[in-house]
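Take a look at the structure set out below.
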Amino acid sequence: MKNILVLAPHPDDEVLGAGGIIKKYSNAGIKVYVLVVTRGNPKYYSEEKIINVRQEARNSHAILGVKETVFLEFNAPDLDMTPKSEISKSISKHIDKWKITDLYVPHHGDIHIDHKIVFEAALVSARPKGNYTVKRIYAYETLSETEWAHPFGHNAFVPTHFTDITDIFDFKIKALKCFKSQMRDFPDNRSTECVEALAKFRGATVGLKRAEAFVVIRDIRN
């Protein structure tokens, strides 16, 4: 039986990048968990704003059928000042607790360093050592982060795995609309119009109407 974990550096990354896959799996009766790694640094974000965006995330996840959402307390945007070992230990704890088989992580080349750090910490947490459970790892793309990466080949998001989300795409949009503090009007790339455009483009790439795209990091098969 699969158990899915989507790692989000910040609230809403998980829905932008994998909202469709979350709904698809939850509809199939598979447990999907979300681990949000950071909270806003109190130097920049009021407690009221932090509470608000976390409630937006809970409302969004309820629409998508997330089994459980956990918020860690690492500060954003100061994640690069936190020892990666602490981040990895926190992720590992939840991988072990939930017996995760499929792990979805942010793309390593995203412009936001928090995404790169979470990616690297996740790979440490999911090392195939001992009695490991994670068999598959996929990197997702996040509008306003992935497409703004430095223009070098090693940062490019080159998808190798596509999932049809045509029939559930409306749920992804509905879930994103819960993030009133994060979503913007078109032509901002965090607009529902841009989310739909990307879904259409990724879908058309493989002959589908709507799709989410991922980079395969690991795929262990028996």
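Simple scheme: letters A, B, ... for chains in structure tokens order, numbers from 1 for residues in each chain, numbers from 1 for ligands in the order shown.
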
Name all residues at most 12 Å from Gly207 in chain A (count only C-alpha atoms; drop same-chain ones fewer than 3 positions away) and give them as a short mmCIF file (atom, residue, chain, number, x, y, z; two decimals) with N, CA and C atoms, in the first residue's frame.
data_model
loop_
_atom_site.label_atom_id
_atom_site.label_comp_id
_atom_site.auth_asym_id
_atom_site.auth_seq_id
_atom_site.Cartn_x
_atom_site.Cartn_y
_atom_site.Cartn_z
N PHE A 162 4.56 12.35 -15.96
CA PHE A 162 3.37 13.17 -16.11
C PHE A 162 2.16 12.44 -15.55
N THR A 163 1.30 13.17 -14.86
CA THR A 163 0.08 12.59 -14.30
C THR A 163 -1.14 13.34 -14.82
N ASP A 164 -2.09 12.60 -15.33
CA ASP A 164 -3.32 13.18 -15.87
C ASP A 164 -4.19 13.70 -14.72
N THR A 166 -6.87 15.87 -15.53
CA THR A 166 -7.96 16.51 -16.27
C THR A 166 -9.26 16.50 -15.47
N ALA A 199 -0.92 23.69 -16.58
CA ALA A 199 -1.54 22.36 -16.62
C ALA A 199 -1.88 21.96 -18.06
N LYS A 200 -2.34 22.92 -18.85
CA LYS A 200 -2.64 22.65 -20.25
C LYS A 200 -1.37 22.34 -21.03
N PHE A 201 -0.33 23.13 -20.78
CA PHE A 201 0.93 22.91 -21.49
C PHE A 201 1.53 21.56 -21.14
N ARG A 202 1.58 21.24 -19.85
CA ARG A 202 2.13 19.94 -19.45
C ARG A 202 1.27 18.80 -20.00
N GLY A 203 -0.04 19.02 -20.01
CA GLY A 203 -0.91 18.00 -20.58
C GLY A 203 -0.69 17.81 -22.07
N ALA A 204 -0.66 18.93 -22.80
CA ALA A 204 -0.48 18.85 -24.25
C ALA A 204 0.85 18.20 -24.63
N ARG A 210 -5.06 18.15 -19.22
CA ARG A 210 -4.46 18.78 -18.05
C ARG A 210 -3.51 17.77 -17.40
N ALA A 211 -2.36 18.23 -16.98
CA ALA A 211 -1.41 17.31 -16.33
C ALA A 211 -0.52 18.07 -15.35
#

Assign secondary structure with DSSP using the backbone only, and return the residues of chain A in strand (DSSP E) as a tab-separated table (two decimals) with all heavy atoms, in the first residue's frame.
chain	number	residue	atom	x	y	z
A	3	ASN	N	1.83	5.13	0.72
A	3	ASN	CA	1.60	6.26	1.62
A	3	ASN	C	2.39	7.43	1.06
A	3	ASN	O	3.61	7.32	0.87
A	3	ASN	CB	2.07	5.95	3.05
A	3	ASN	CG	1.18	4.93	3.73
A	3	ASN	OD1	-0.04	5.05	3.71
A	3	ASN	ND2	1.78	3.92	4.32
A	4	ILE	N	1.71	8.51	0.78
A	4	ILE	CA	2.29	9.64	0.05
A	4	ILE	C	2.62	10.78	1.01
A	4	ILE	O	1.82	11.13	1.87
A	4	ILE	CB	1.30	10.18	-1.01
A	4	ILE	CG1	0.69	9.03	-1.82
A	4	ILE	CG2	1.98	11.22	-1.91
A	4	ILE	CD1	1.67	8.22	-2.61
A	5	LEU	N	3.81	11.38	0.83
A	5	LEU	CA	4.17	12.58	1.56
A	5	LEU	C	4.58	13.66	0.57
A	5	LEU	O	5.45	13.44	-0.27
A	5	LEU	CB	5.32	12.32	2.53
A	5	LEU	CG	5.89	13.55	3.25
A	5	LEU	CD1	4.83	14.27	4.06
A	5	LEU	CD2	7.08	13.16	4.13
A	6	VAL	N	3.94	14.82	0.68
A	6	VAL	CA	4.32	15.99	-0.12
A	6	VAL	C	4.99	16.98	0.82
A	6	VAL	O	4.38	17.44	1.79
A	6	VAL	CB	3.11	16.63	-0.81
A	6	VAL	CG1	3.56	17.81	-1.67
A	6	VAL	CG2	2.36	15.61	-1.67
A	7	LEU	N	6.24	17.29	0.53
A	7	LEU	CA	6.99	18.26	1.32
A	7	LEU	C	6.82	19.65	0.72
A	7	LEU	O	7.04	19.85	-0.48
A	7	LEU	CB	8.47	17.90	1.34
A	7	LEU	CG	8.91	16.76	2.25
A	7	LEU	CD1	10.40	16.49	2.04
A	7	LEU	CD2	8.62	17.07	3.70
A	8	ALA	N	6.45	20.60	1.57
A	8	ALA	CA	6.26	21.98	1.11
A	8	ALA	C	7.20	22.89	1.89
A	8	ALA	O	7.12	22.94	3.12
A	8	ALA	CB	4.82	22.43	1.31
A	31	LYS	N	-3.52	7.20	1.49
A	31	LYS	CA	-3.25	8.24	2.47
A	31	LYS	C	-2.21	9.22	1.94
A	31	LYS	O	-1.13	8.81	1.52
A	31	LYS	CB	-2.77	7.63	3.78
A	31	LYS	CG	-3.83	6.79	4.48
A	31	LYS	CD	-3.25	6.11	5.73
A	31	LYS	CE	-4.30	5.22	6.39
A	31	LYS	NZ	-3.74	4.50	7.55
A	32	VAL	N	-2.56	10.51	1.99
A	32	VAL	CA	-1.64	11.56	1.55
A	32	VAL	C	-1.39	12.51	2.72
A	32	VAL	O	-2.34	13.02	3.33
A	32	VAL	CB	-2.21	12.35	0.36
A	32	VAL	CG1	-1.19	13.39	-0.11
A	32	VAL	CG2	-2.58	11.42	-0.79
A	33	TYR	N	-0.12	12.73	3.02
A	33	TYR	CA	0.27	13.62	4.10
A	33	TYR	C	1.01	14.82	3.53
A	33	TYR	O	1.67	14.72	2.49
A	33	TYR	CB	1.19	12.89	5.09
A	33	TYR	CG	0.58	11.65	5.70
A	33	TYR	CD1	0.73	10.41	5.08
A	33	TYR	CD2	-0.14	11.72	6.88
A	33	TYR	CE1	0.17	9.25	5.63
A	33	TYR	CE2	-0.69	10.57	7.45
A	33	TYR	CZ	-0.54	9.35	6.82
A	33	TYR	OH	-1.09	8.22	7.36
A	34	VAL	N	0.89	15.95	4.22
A	34	VAL	CA	1.63	17.15	3.82
A	34	VAL	C	2.45	17.63	5.01
A	34	VAL	O	1.93	17.75	6.12
A	34	VAL	CB	0.68	18.28	3.34
A	34	VAL	CG1	1.48	19.57	3.12
A	34	VAL	CG2	-0.03	17.87	2.05
A	35	LEU	N	3.73	17.88	4.76
A	35	LEU	CA	4.62	18.41	5.79
A	35	LEU	C	5.11	19.78	5.30
A	35	LEU	O	5.84	19.86	4.31
A	35	LEU	CB	5.80	17.46	6.01
A	35	LEU	CG	6.74	17.77	7.17
A	35	LEU	CD1	6.01	17.72	8.50
A	35	LEU	CD2	7.92	16.80	7.15
A	36	VAL	N	4.67	20.83	5.98
A	36	VAL	CA	5.11	22.19	5.66
A	36	VAL	C	6.31	22.50	6.54
A	36	VAL	O	6.21	22.51	7.77
A	36	VAL	CB	3.98	23.21	5.89
A	36	VAL	CG1	4.46	24.63	5.53
A	36	VAL	CG2	2.75	22.85	5.05
A	37	VAL	N	7.44	22.77	5.93
A	37	VAL	CA	8.70	22.82	6.66
A	37	VAL	C	8.91	24.11	7.43
A	37	VAL	O	9.49	24.11	8.52
A	37	VAL	CB	9.89	22.57	5.70
A	37	VAL	CG1	11.22	22.70	6.42
A	37	VAL	CG2	9.77	21.18	5.07
A	38	THR	N	8.46	25.25	6.90
A	38	THR	CA	8.78	26.52	7.53
A	38	THR	C	7.55	27.28	8.04
A	38	THR	O	6.43	27.02	7.63
A	38	THR	CB	9.52	27.47	6.57
A	38	THR	OG1	8.63	27.88	5.53
A	38	THR	CG2	10.74	26.80	5.97
A	39	ARG	N	7.83	28.22	8.91
A	39	ARG	CA	6.86	29.23	9.31
A	39	ARG	C	7.50	30.58	9.02
A	39	ARG	O	8.72	30.67	8.84
A	39	ARG	CB	6.53	29.13	10.80
A	39	ARG	CG	7.72	29.31	11.71
A	39	ARG	CD	7.34	29.37	13.17
A	39	ARG	NE	6.78	30.66	13.53
A	39	ARG	CZ	5.66	30.82	14.23
A	39	ARG	NH1	4.98	29.76	14.64
A	39	ARG	NH2	5.23	32.00	14.52
A	40	GLY	N	6.72	31.61	8.96
A	40	GLY	CA	7.27	32.92	8.71
A	40	GLY	C	8.11	33.39	9.89
A	40	GLY	O	7.74	33.21	11.05
A	68	GLU	N	-3.39	14.12	6.79
A	68	GLU	CA	-2.87	14.89	7.93
A	68	GLU	C	-1.89	15.94	7.43
A	68	GLU	O	-1.07	15.66	6.55
A	68	GLU	CB	-2.19	13.96	8.93
A	68	GLU	CG	-1.74	14.66	10.21
A	68	GLU	CD	-1.14	13.71	11.22
A	68	GLU	OE1	-1.25	12.47	11.03
A	68	GLU	OE2	-0.53	14.20	12.21
A	69	THR	N	-1.98	17.12	8.02
A	69	THR	CA	-1.06	18.21	7.70
A	69	THR	C	-0.27	18.56	8.96
A	69	THR	O	-0.86	18.75	10.02
A	69	THR	CB	-1.82	19.46	7.22
A	69	THR	OG1	-2.61	19.13	6.07
A	69	THR	CG2	-0.85	20.58	6.87
A	70	VAL	N	1.05	18.63	8.82
A	70	VAL	CA	1.91	18.99	9.95
A	70	VAL	C	2.74	20.21	9.55
A	70	VAL	O	3.30	20.26	8.45
A	70	VAL	CB	2.83	17.83	10.35
A	70	VAL	CG1	3.84	18.28	11.40
A	70	VAL	CG2	2.00	16.67	10.90
A	71	PHE	N	2.83	21.16	10.46
A	71	PHE	CA	3.62	22.36	10.24
A	71	PHE	C	4.85	22.32	11.15
A	71	PHE	O	4.71	22.25	12.37
A	71	PHE	CB	2.81	23.62	10.55
A	71	PHE	CG	1.58	23.79	9.68
A	71	PHE	CD1	0.34	23.33	10.12
A	71	PHE	CD2	1.66	24.41	8.45
A	71	PHE	CE1	-0.79	23.48	9.33
A	71	PHE	CE2	0.54	24.55	7.66
A	71	PHE	CZ	-0.69	24.10	8.09
A	72	LEU	N	6.02	22.36	10.56
A	72	LEU	CA	7.24	22.48	11.34
A	72	LEU	C	7.49	23.95	11.65
A	72	LEU	O	6.81	24.83	11.14
A	72	LEU	CB	8.43	21.87	10.57
A	72	LEU	CG	8.28	20.38	10.21
A	72	LEU	CD1	9.53	19.89	9.46
A	72	LEU	CD2	8.03	19.53	11.44
A	73	GLU	N	8.47	24.22	12.49
A	73	GLU	CA	8.66	25.58	12.99
A	73	GLU	C	9.98	26.22	12.56
A	73	GLU	O	10.45	27.16	13.20
A	73	GLU	CB	8.56	25.57	14.52
A	73	GLU	CG	7.22	25.09	15.06
A	73	GLU	CD	6.07	26.00	14.65
A	73	GLU	OE1	6.28	27.21	14.51
A	73	GLU	OE2	4.95	25.47	14.46
A	74	PHE	N	10.55	25.76	11.46
A	74	PHE	CA	11.78	26.37	10.97
A	74	PHE	C	11.45	27.73	10.33
A	74	PHE	O	10.45	27.86	9.62
A	74	PHE	CB	12.46	25.47	9.94
A	74	PHE	CG	12.92	24.16	10.52
A	74	PHE	CD1	12.26	22.98	10.20
A	74	PHE	CD2	14.00	24.11	11.38
A	74	PHE	CE1	12.68	21.77	10.73
A	74	PHE	CE2	14.43	22.91	11.91
A	74	PHE	CZ	13.78	21.72	11.59
A	75	ASN	N	12.30	28.70	10.57
A	75	ASN	CA	12.03	30.05	10.09
A	75	ASN	C	12.30	30.22	8.60
A	75	ASN	O	13.32	29.78	8.08
A	75	ASN	CB	12.89	31.07	10.85
A	75	ASN	CG	12.33	31.41	12.22
A	75	ASN	OD1	11.16	31.20	12.49
A	75	ASN	ND2	13.18	31.92	13.09
A	76	ALA	N	11.36	30.85	7.92
A	76	ALA	CA	11.56	31.32	6.54
A	76	ALA	C	11.59	32.84	6.60
A	76	ALA	O	10.83	33.43	7.37
A	76	ALA	CB	10.42	30.86	5.65
A	102	ASP	N	6.07	7.04	-1.19
A	102	ASP	CA	6.21	7.97	-2.31
A	102	ASP	C	6.40	9.39	-1.76
A	102	ASP	O	5.55	9.87	-1.01
A	102	ASP	CB	4.99	7.94	-3.22
A	102	ASP	CG	4.84	6.63	-3.95
A	102	ASP	OD1	4.84	5.57	-3.29
A	102	ASP	OD2	4.72	6.65	-5.19
A	103	LEU	N	7.49	10.01	-2.15
A	103	LEU	CA	7.85	11.31	-1.61
A	103	LEU	C	7.90	12.35	-2.73
A	103	LEU	O	8.57	12.14	-3.75
A	103	LEU	CB	9.22	11.21	-0.92
A	103	LEU	CG	9.79	12.47	-0.27
A	103	LEU	CD1	8.89	12.96	0.86
A	103	LEU	CD2	11.19	12.18	0.25
A	104	TYR	N	7.19	13.46	-2.52
A	104	TYR	CA	7.18	14.56	-3.48
A	104	TYR	C	7.89	15.75	-2.86
A	104	TYR	O	7.55	16.18	-1.76
A	104	TYR	CB	5.75	14.92	-3.88
A	104	TYR	CG	5.10	13.89	-4.76
A	104	TYR	CD1	4.57	12.71	-4.21
A	104	TYR	CD2	5.03	14.05	-6.13
A	104	TYR	CE1	4.00	11.74	-5.02
A	104	TYR	CE2	4.46	13.08	-6.95
A	104	TYR	CZ	3.94	11.94	-6.39
A	104	TYR	OH	3.38	10.98	-7.19
A	105	VAL	N	8.89	16.28	-3.59
A	105	VAL	CA	9.75	17.32	-3.05
A	105	VAL	C	9.83	18.49	-4.03
A	105	VAL	O	9.57	18.32	-5.23
A	105	VAL	CB	11.17	16.76	-2.79
A	105	VAL	CG1	11.13	15.63	-1.78
A	105	VAL	CG2	11.83	16.31	-4.10
A	106	PRO	N	10.20	19.68	-3.56
A	106	PRO	CA	10.40	20.80	-4.48
A	106	PRO	C	11.60	20.56	-5.38
A	106	PRO	O	12.50	19.78	-5.04
A	106	PRO	CB	10.61	22.00	-3.55
A	106	PRO	CG	11.13	21.40	-2.29
A	106	PRO	CD	10.44	20.07	-2.16
A	136	ARG	N	9.96	5.74	-4.07
A	136	ARG	CA	9.85	6.65	-5.21
A	136	ARG	C	9.94	8.10	-4.72
A	136	ARG	O	9.30	8.45	-3.72
A	136	ARG	CB	8.52	6.44	-5.94
A	136	ARG	CG	8.44	5.10	-6.69
A	136	ARG	CD	7.02	4.69	-7.01
A	136	ARG	NE	6.29	4.36	-5.79
A	136	ARG	CZ	6.32	3.14	-5.20
A	136	ARG	NH1	7.06	2.18	-5.72
A	136	ARG	NH2	5.62	2.93	-4.11
A	137	ILE	N	10.72	8.91	-5.44
A	137	ILE	CA	10.84	10.33	-5.13
A	137	ILE	C	10.64	11.12	-6.41
A	137	ILE	O	11.25	10.82	-7.44
A	137	ILE	CB	12.21	10.68	-4.52
A	137	ILE	CG1	12.50	9.80	-3.29
A	137	ILE	CG2	12.28	12.16	-4.16
A	137	ILE	CD1	13.89	10.00	-2.71
A	138	TYR	N	9.79	12.13	-6.33
A	138	TYR	CA	9.50	12.98	-7.48
A	138	TYR	C	9.67	14.45	-7.08
A	138	TYR	O	9.27	14.86	-5.99
A	138	TYR	CB	8.06	12.78	-7.97
A	138	TYR	CG	7.70	11.35	-8.27
A	138	TYR	CD1	7.05	10.56	-7.32
A	138	TYR	CD2	7.98	10.78	-9.51
A	138	TYR	CE1	6.70	9.25	-7.58
A	138	TYR	CE2	7.64	9.47	-9.79
A	138	TYR	CZ	7.00	8.71	-8.82
A	138	TYR	OH	6.66	7.40	-9.09
A	139	ALA	N	10.24	15.25	-7.97
A	139	ALA	CA	10.35	16.69	-7.75
A	139	ALA	C	9.25	17.39	-8.54
A	139	ALA	O	9.05	17.11	-9.72
A	139	ALA	CB	11.72	17.20	-8.18
A	140	TYR	N	8.56	18.31	-7.88
A	140	TYR	CA	7.48	19.05	-8.55
A	140	TYR	C	7.94	20.47	-8.86
A	140	TYR	O	8.95	20.96	-8.34
A	140	TYR	CB	6.22	19.07	-7.68
A	140	TYR	CG	6.36	19.68	-6.30
A	140	TYR	CD1	6.35	21.06	-6.11
A	140	TYR	CD2	6.48	18.87	-5.16
A	140	TYR	CE1	6.45	21.62	-4.84
A	140	TYR	CE2	6.60	19.42	-3.89
A	140	TYR	CZ	6.57	20.80	-3.74
A	140	TYR	OH	6.68	21.36	-2.49
A	161	HIS	N	8.03	12.60	-15.84
A	161	HIS	CA	6.86	11.86	-15.34
A	161	HIS	C	5.65	12.80	-15.36
A	161	HIS	O	5.74	13.92	-14.87
A	161	HIS	CB	7.12	11.37	-13.91
A	161	HIS	CG	6.00	10.58	-13.31
A	161	HIS	ND1	5.76	9.27	-13.63
A	161	HIS	CD2	5.04	10.93	-12.42
A	161	HIS	CE1	4.71	8.84	-12.94
A	161	HIS	NE2	4.26	9.83	-12.21
A	162	PHE	N	4.56	12.35	-15.96
A	162	PHE	CA	3.37	13.17	-16.11
A	162	PHE	C	2.16	12.44	-15.55
A	162	PHE	O	2.00	11.24	-15.76
A	162	PHE	CB	3.13	13.51	-17.58
A	162	PHE	CG	4.24	14.29	-18.23
A	162	PHE	CD1	5.39	13.66	-18.68
A	162	PHE	CD2	4.14	15.67	-18.39
A	162	PHE	CE1	6.42	14.37	-19.27
A	162	PHE	CE2	5.15	16.40	-18.98
A	162	PHE	CZ	6.30	15.75	-19.42
A	163	THR	N	1.30	13.17	-14.86
A	163	THR	CA	0.08	12.59	-14.30
A	163	THR	C	-1.14	13.34	-14.82
A	163	THR	O	-1.19	14.58	-14.75
A	163	THR	CB	0.09	12.65	-12.76
A	163	THR	OG1	1.20	11.88	-12.27
A	163	THR	CG2	-1.19	12.08	-12.19
A	164	ASP	N	-2.09	12.60	-15.33
A	164	ASP	CA	-3.32	13.18	-15.87
A	164	ASP	C	-4.19	13.70	-14.72
A	164	ASP	O	-4.58	12.94	-13.84
A	164	ASP	CB	-4.08	12.11	-16.65
A	164	ASP	CG	-5.29	12.66	-17.40
A	164	ASP	OD1	-5.61	13.86	-17.23
A	164	ASP	OD2	-5.90	11.89	-18.17
A	211	ALA	N	-2.36	18.23	-16.98
A	211	ALA	CA	-1.41	17.31	-16.33
A	211	ALA	C	-0.52	18.07	-15.35
A	211	ALA	O	-0.36	19.29	-15.44
A	211	ALA	CB	-0.54	16.60	-17.36
A	212	GLU	N	0.02	17.33	-14.40
A	212	GLU	CA	1.10	17.81	-13.56
A	212	GLU	C	2.35	17.05	-13.98
A	212	GLU	O	2.29	15.87	-14.31
A	212	GLU	CB	0.81	17.59	-12.07
A	212	GLU	CG	-0.19	18.58	-11.51
A	212	GLU	CD	-0.53	18.36	-10.06
A	212	GLU	OE1	-0.28	17.25	-9.54
A	212	GLU	OE2	-1.06	19.30	-9.44
A	213	ALA	N	3.50	17.76	-13.95
A	213	ALA	CA	4.74	17.17	-14.41
A	213	ALA	C	5.75	17.10	-13.26
A	213	ALA	O	5.77	17.97	-12.39
A	213	ALA	CB	5.32	17.98	-15.56
A	214	PHE	N	6.58	16.06	-13.30
A	214	PHE	CA	7.54	15.83	-12.23
A	214	PHE	C	8.86	15.32	-12.80
A	214	PHE	O	8.89	14.77	-13.90
A	214	PHE	CB	7.00	14.79	-11.23
A	214	PHE	CG	5.64	15.13	-10.70
A	214	PHE	CD1	4.49	14.68	-11.33
A	214	PHE	CD2	5.51	15.93	-9.57
A	214	PHE	CE1	3.24	15.00	-10.84
A	214	PHE	CE2	4.25	16.26	-9.08
A	214	PHE	CZ	3.12	15.80	-9.71
A	215	VAL	N	9.92	15.52	-12.04
A	215	VAL	CA	11.21	14.92	-12.37
A	215	VAL	C	11.38	13.70	-11.46
A	215	VAL	O	11.24	13.81	-10.23
A	215	VAL	CB	12.37	15.90	-12.13
A	215	VAL	CG1	13.71	15.22	-12.38
A	215	VAL	CG2	12.23	17.13	-13.02
A	216	VAL	N	11.64	12.56	-12.05
A	216	VAL	CA	11.86	11.34	-11.26
A	216	VAL	C	13.25	11.39	-10.64
A	216	VAL	O	14.26	11.46	-11.35
A	216	VAL	CB	11.71	10.08	-12.12
A	216	VAL	CG1	12.00	8.83	-11.29
A	216	VAL	CG2	10.30	10.00	-12.72
A	217	ILE	N	13.30	11.33	-9.34
A	217	ILE	CA	14.56	11.33	-8.60
A	217	ILE	C	14.95	9.89	-8.25
A	217	ILE	O	16.13	9.52	-8.28
A	217	ILE	CB	14.47	12.17	-7.32
A	217	ILE	CG1	13.97	13.59	-7.62
A	217	ILE	CG2	15.81	12.21	-6.59
A	217	ILE	CD1	14.86	14.37	-8.56
A	218	ARG	N	13.95	9.09	-7.90
A	218	ARG	CA	14.18	7.68	-7.58
A	218	ARG	C	12.94	6.89	-7.94
A	218	ARG	O	11.82	7.35	-7.76
A	218	ARG	CB	14.49	7.49	-6.10
A	218	ARG	CG	14.66	6.03	-5.68
A	218	ARG	CD	14.66	5.85	-4.18
A	218	ARG	NE	15.74	6.59	-3.55
A	218	ARG	CZ	15.82	6.82	-2.24
A	218	ARG	NH1	14.86	6.40	-1.44
A	218	ARG	NH2	16.81	7.51	-1.76
A	219	ASP	N	13.16	5.68	-8.45
A	219	ASP	CA	12.04	4.80	-8.73
A	219	ASP	C	12.53	3.37	-8.56
A	219	ASP	O	13.13	2.79	-9.45
A	219	ASP	CB	11.52	5.03	-10.15
A	219	ASP	CG	10.25	4.25	-10.45
A	219	ASP	OD1	9.82	3.45	-9.60
A	219	ASP	OD2	9.68	4.42	-11.56

In Å to one decimal, how far is CA of Trp98 in chain A from CA of Pro128 in chain A?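 One can read the CA of Pro128 in chain A to CA of Trp98 in chain A distance as 16.4 Å.
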
If we count only C-alpha atoms and set the cut-off at 10 Å, which residues sit around Lys2 in chain A, ignoring sequence neighbours fewer than 6 positions away in its own chain? Please answer as a list in words. Tyr25, Gly29, Ile30, Lys31, Val32, Lys99, Ile100, Thr101, Asp102, Thr133, Val134 and Lys135 of chain A

For N, CA and C atoms, I'd like the residues from the last selection saved as a CSV table (one decimal), in the first residue's frame.
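Done, and the output landed in result.csv:
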chain,number,residue,atom,x,y,z
A,25,TYR,N,-4.7,10.7,-5.6
A,25,TYR,CA,-4.4,9.6,-4.7
A,25,TYR,C,-5.5,9.5,-3.6
A,29,GLY,N,-8.3,6.4,-2.2
A,29,GLY,CA,-8.3,5.8,-0.9
A,29,GLY,C,-6.9,5.7,-0.3
A,30,ILE,N,-5.9,6.3,-1.0
A,30,ILE,CA,-4.5,6.3,-0.5
A,30,ILE,C,-4.2,7.5,0.4
A,31,LYS,N,-3.5,7.2,1.5
A,31,LYS,CA,-3.3,8.2,2.5
A,31,LYS,C,-2.2,9.2,1.9
A,32,VAL,N,-2.6,10.5,2.0
A,32,VAL,CA,-1.6,11.6,1.5
A,32,VAL,C,-1.4,12.5,2.7
A,99,LYS,N,5.3,5.8,7.5
A,99,LYS,CA,5.7,4.7,6.6
A,99,LYS,C,5.6,5.1,5.1
A,100,ILE,N,6.2,6.2,4.8
A,100,ILE,CA,6.0,6.8,3.4
A,100,ILE,C,6.7,6.0,2.4
A,101,THR,N,6.0,5.8,1.3
A,101,THR,CA,6.6,5.1,0.1
A,101,THR,C,6.9,6.0,-1.0
A,102,ASP,N,6.1,7.0,-1.2
A,102,ASP,CA,6.2,8.0,-2.3
A,102,ASP,C,6.4,9.4,-1.8
A,133,THR,N,11.6,2.9,3.7
A,133,THR,CA,10.3,2.7,3.1
A,133,THR,C,10.1,3.5,1.8
A,134,VAL,N,10.9,4.6,1.6
A,134,VAL,CA,10.7,5.4,0.4
A,134,VAL,C,11.2,4.8,-0.8
A,135,LYS,N,10.3,4.4,-1.7
A,135,LYS,CA,10.7,3.7,-3.0
A,135,LYS,C,10.8,4.7,-4.2

Would you mind listing, for every residue of range 115-173 of chain A within 10 Å of range 85-88 of chain A, the two atoms forming the shortest contact and the distance between them in Å to one decimal, using only C-alpha atoms, sorted by chain and ascending residue number, as JSON lines?
{"residue": "A:Ile117", "atom": "CA", "partner": "A:Ile87", "partner_atom": "CA", "distance": 8.8}
{"residue": "A:Val118", "atom": "CA", "partner": "A:Ile87", "partner_atom": "CA", "distance": 7.7}
{"residue": "A:Phe119", "atom": "CA", "partner": "A:Ser88", "partner_atom": "CA", "distance": 9.9}
{"residue": "A:Glu120", "atom": "CA", "partner": "A:Ser88", "partner_atom": "CA", "distance": 8.6}
{"residue": "A:Ala121", "atom": "CA", "partner": "A:Ser88", "partner_atom": "CA", "distance": 4.8}
{"residue": "A:Ala122", "atom": "CA", "partner": "A:Ser88", "partner_atom": "CA", "distance": 6.2}
{"residue": "A:Leu123", "atom": "CA", "partner": "A:Ser88", "partner_atom": "CA", "distance": 8.4}
{"residue": "A:Val124", "atom": "CA", "partner": "A:Ser88", "partner_atom": "CA", "distance": 6.3}
{"residue": "A:Ser125", "atom": "CA", "partner": "A:Ser88", "partner_atom": "CA", "distance": 5.2}
{"residue": "A:Ala126", "atom": "CA", "partner": "A:Ser88", "partner_atom": "CA", "distance": 8.9}

Pick out the residues sitting within 12 Å of Ala62 in chain A, and hand them over as a list of chain:residue names; count only C-alpha atoms, and ignore anything fewer than 6 positions along from it in its own chain. A:Val15, A:Gly19, A:Ile22, A:Lys23, A:Ser26, A:Val32, A:Tyr33, A:Val34, A:Gln55, A:Glu56, A:Glu68, A:Thr69, A:Phe171, A:Lys172, A:Lys174, A:Ala175, A:Leu176, A:Cys178

Output C-alpha atoms of each residue in that selection to a file, as an mmCIF file, in the first residue's frame.
data_model
loop_
_atom_site.group_PDB
_atom_site.id
_atom_site.type_symbol
_atom_site.label_atom_id
_atom_site.label_comp_id
_atom_site.auth_asym_id
_atom_site.auth_seq_id
_atom_site.Cartn_x
_atom_site.Cartn_y
_atom_site.Cartn_z
ATOM 1 C CA VAL A 15 -0.904 22.632 -4.001
ATOM 2 C CA GLY A 19 -2.455 19.537 -5.820
ATOM 3 C CA ILE A 22 -2.882 14.768 -3.942
ATOM 4 C CA LYS A 23 -6.539 14.699 -4.992
ATOM 5 C CA SER A 26 -6.914 10.617 -1.929
ATOM 6 C CA VAL A 32 -1.638 11.558 1.548
ATOM 7 C CA TYR A 33 0.274 13.617 4.104
ATOM 8 C CA VAL A 34 1.629 17.154 3.819
ATOM 9 C CA GLN A 55 -5.617 27.935 8.238
ATOM 10 C CA GLU A 56 -5.771 28.608 4.502
ATOM 11 C CA GLU A 68 -2.875 14.888 7.930
ATOM 12 C CA THR A 69 -1.056 18.209 7.703
ATOM 13 C CA PHE A 171 -10.377 20.712 -7.265
ATOM 14 C CA LYS A 172 -6.816 22.015 -7.586
ATOM 15 C CA LYS A 174 -10.662 25.405 -5.713
ATOM 16 C CA ALA A 175 -7.926 24.425 -3.255
ATOM 17 C CA LEU A 176 -5.643 27.219 -4.470
ATOM 18 C CA CYS A 178 -8.296 29.048 -0.328
#

Using only C-alpha atoms, the best pick from A:His107, A:His61, A:Arg127, A:Lys116 as closest to Thr146 in chain A would be A:His107

Step one, run DSSP on the backbone; step two, keep only residues of range 51-216 of chain A assigned to helix (DSSP H, G or I); then write them as a VMD selection string. chain A and resid 51 to 64 79 to 81 84 to 98 113 to 125 153 to 155 166 to 176 192 to 205

Coordinates-based distance that separates CA of Ser60 in chain A from CA of Leu79 in chain A (Å, one decimal): 24.5 Å

What are the closest atom pairs, with distances in Å to one decimal, for all residues of range 99-206 of chain A lying within 12 Å of range 47-51 of chain A? Consider only C-alpha atoms, order rows by chain and residue number, and present the result as a Markdown table.
| residue | atom | partner | partner_atom | distance |
| --- | --- | --- | --- | --- |
| A:Phe179 | CA | A:Lys49 | CA | 11.9 |
| A:Lys180 | CA | A:Lys49 | CA | 11.6 |
| A:Ser181 | CA | A:Lys49 | CA | 8.7 |
| A:Gln182 | CA | A:Lys49 | CA | 11.1 |
